[in-house]
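Q: My structure is in query.csv, and what it holds is CSV, C-alpha atoms:
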chain,number,residue,atom,x,y,z
W,1,MET,CA,5.8,50.2,120.1
W,2,LEU,CA,5.0,53.9,119.8
W,3,LEU,CA,3.0,55.7,122.5
W,4,ARG,CA,0.4,56.6,119.7
W,5,GLU,CA,-0.4,52.9,119.4
W,6,ILE,CA,-2.0,52.7,122.8
W,7,ALA,CA,-2.9,56.4,123.6
W,8,HIS,CA,-4.0,59.7,122.1
W,9,ALA,CA,-3.3,63.2,123.4
W,10,ARG,CA,-4.9,66.6,123.7
W,11,ALA,CA,-3.0,69.8,124.3
W,12,GLY,CA,-3.4,73.4,125.2
W,13,ASP,CA,-1.2,76.3,125.7
W,14,LYS,CA,-1.1,79.6,127.6
W,15,GLY,CA,1.9,81.9,127.2
W,16,ASN,CA,5.0,79.8,127.4
W,17,ILE,CA,3.4,76.8,129.1
W,18,SER,CA,2.1,73.7,127.3
W,19,ASN,CA,-0.4,71.4,128.8
W,20,ILE,CA,-0.6,67.8,127.4
W,21,SER,CA,-3.0,65.1,128.4
W,22,VAL,CA,-2.4,61.5,127.3
W,23,PHE,CA,-5.4,59.1,127.4
W,24,ALA,CA,-5.1,55.3,127.1
W,25,TYR,CA,-7.4,53.9,124.4
W,26,ASP,CA,-7.9,50.8,126.5
W,27,PRO,CA,-8.2,51.2,130.3
W,28,ALA,CA,-6.1,48.0,130.6
W,29,ASP,CA,-3.1,50.1,129.3
W,30,TYR,CA,-3.4,52.9,131.8
W,31,PRO,CA,-1.2,51.2,134.4
W,32,LEU,CA,1.5,50.9,131.7
W,33,LEU,CA,1.2,54.6,130.9
W,34,GLU,CA,1.3,55.4,134.6
W,35,ARG,CA,4.4,53.3,135.1
W,36,TRP,CA,6.3,54.2,131.9
W,37,LEU,CA,5.3,57.7,131.0
W,38,THR,CA,7.1,59.7,133.7
W,39,ALA,CA,7.8,63.4,133.8
W,40,ASP,CA,11.5,62.6,133.4
W,41,ARG,CA,10.9,60.5,130.2
W,42,VAL,CA,8.7,63.3,128.8
W,43,ARG,CA,11.3,65.9,129.6
W,44,GLN,CA,14.0,63.8,127.9
W,45,HIS,CA,11.9,63.0,124.8
W,46,LEU,CA,11.1,66.7,124.3
W,47,ARG,CA,14.4,68.1,125.5
W,48,ALA,CA,15.0,70.0,122.3
W,49,LEU,CA,11.8,71.9,122.7
W,50,VAL,CA,11.0,72.1,126.4
W,51,HIS,CA,13.5,74.1,128.4
W,52,GLY,CA,11.7,74.1,131.8
W,53,GLU,CA,10.2,71.9,134.4
W,54,VAL,CA,7.8,69.1,133.5
W,55,GLN,CA,5.1,68.2,136.1
W,56,ARG,CA,2.9,65.1,135.8
W,57,TYR,CA,-0.6,64.7,137.3
W,58,THR,CA,-2.3,61.3,137.3
W,59,LEU,CA,-6.0,61.1,136.4
W,60,PRO,CA,-6.8,57.4,136.9
W,61,GLY,CA,-10.6,57.9,136.7
W,62,LEU,CA,-10.1,59.1,133.2
W,63,GLY,CA,-7.3,56.7,132.3
W,64,ALA,CA,-5.1,59.8,131.6
W,65,LEU,CA,-1.9,61.5,132.6
W,66,ASN,CA,-1.6,65.3,132.4
W,67,PHE,CA,1.8,67.0,131.8
W,68,VAL,CA,2.5,70.7,132.4
W,69,LEU,CA,5.6,71.8,130.4
W,70,GLN,CA,7.2,75.1,131.5
W,71,ASN,CA,9.2,77.2,129.1
W,72,ALA,CA,8.0,75.0,126.2
W,73,LEU,CA,6.8,77.4,123.5
W,74,ALA,CA,9.7,79.6,122.7
W,75,GLY,CA,8.1,82.5,124.5
W,76,GLY,CA,4.6,81.7,123.6
W,77,VAL,CA,2.5,81.5,120.4
W,78,THR,CA,2.3,85.3,119.8
W,79,ARG,CA,6.0,86.0,120.7
W,80,SER,CA,7.7,83.0,119.0
W,81,LEU,CA,9.2,83.0,115.5
W,82,ALA,CA,8.6,79.3,115.3
W,83,LEU,CA,6.3,78.2,112.4
W,84,ASP,CA,3.9,76.3,114.8
W,85,ALA,CA,4.6,77.0,118.4
W,86,HIS,CA,1.3,75.6,119.7
W,87,GLY,CA,1.0,72.9,122.3
W,88,LYS,CA,-0.6,70.5,119.9
W,89,THR,CA,2.7,70.2,118.1
W,90,LEU,CA,4.3,69.0,121.3
W,91,SER,CA,1.5,66.5,121.9
W,92,SER,CA,2.1,65.0,118.5
W,93,ALA,CA,5.8,64.8,119.2
W,94,LEU,CA,5.2,63.1,122.5
W,95,LEU,CA,3.2,60.4,120.8
W,96,THR,CA,6.3,59.3,119.0
W,97,LEU,CA,7.9,58.1,122.3
W,98,GLU,CA,8.9,54.5,122.1
W,99,ILE,CA,7.5,52.1,124.8
W,100,PRO,CA,9.1,48.6,125.0
W,101,GLU,CA,6.6,46.0,123.8
W,102,ALA,CA,7.6,43.7,126.7
W,103,GLU,CA,6.2,46.3,129.0
W,104,ARG,CA,2.7,45.8,127.6
W,105,ARG,CA,3.0,42.0,127.2
W,106,PHE,CA,4.3,41.3,130.7
W,107,GLY,CA,3.1,44.3,132.7
W,108,THR,CA,6.5,44.7,134.3
W,109,ASN,CA,9.8,46.4,133.7
W,110,ALA,CA,11.1,45.3,130.3
W,111,ALA,CA,14.5,44.6,131.8
W,112,ASP,CA,12.9,42.2,134.3
W,113,ALA,CA,11.0,40.4,131.5
W,114,ASP,CA,14.2,39.4,129.8
W,115,ARG,CA,15.4,37.4,132.8
Please lay out the structure from this file as structure tokens.
A:
Amino acid sequence: MLLREIAHARAGDKGNISNISVFAYDPADYPLLERWLTADRVRQHLRALVHGEVQRYTLPGLGALNFVLQNALAGGVTRSLALDAHGKTLSSALLTLEIPEAERRFGTNAADADR
């Protein structure tokens, strides 16, 4: 299942930093997001575009996770030669992250669900 099936994202950018917030459509899916959507997974998924640190902040009251991606916009919107170097492009790319369906069904690590 793709992340976009259980969540939506909003993004902003300032200079060479992108800020992406991911919101669960259903509050029941927030624990899955919190468990599965780590800073390391986001960094790995966007590794071709993000060349700095990724920090994650949890916002359980909003059912959201916020990610701050350093060195993510090829120098920033006004300095980059990229066609669309805005943070919203990265949020769309993040929503293509694959989440194992077993994670949602069983509420546990997919590897444990297979046992």
Q: Could you work out how far atom CA of W:Val54 lies from atom CA of W:Val42, giving the answer in Å with one decimal?
A: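 Between atom CA of W:Val42 and atom CA of W:Val54 the gap is 7.5 Å.
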Q: Between W:Ile17, W:Arg56, W:Glu34, W:Phe23, which residue has the minimum interatomic distance to W:Leu69, considering all atoms listed in the file?
A: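 Counting all atoms listed in the file, the residue closest to W:Leu69 is W:Ile17.
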Q: To one decimal in Å, tell me the separation between atom CA of W:Ser91 and atom CA of W:Ala7.
A: 11.1 Å
Q: Just how far from atom CA of W:His45 is atom CA of W:Gln70, in Å to one decimal?
A: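 A separation of 14.6 Å between them.
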Q: At a cut-off of 7 Å, using all atoms listed in the file, what residues contact W:Ala64? Leave out same-chain residues fewer than 2 positions from it and give the result as a ChimeraX atom specification.
A: /W:21-24,58-60,62,66
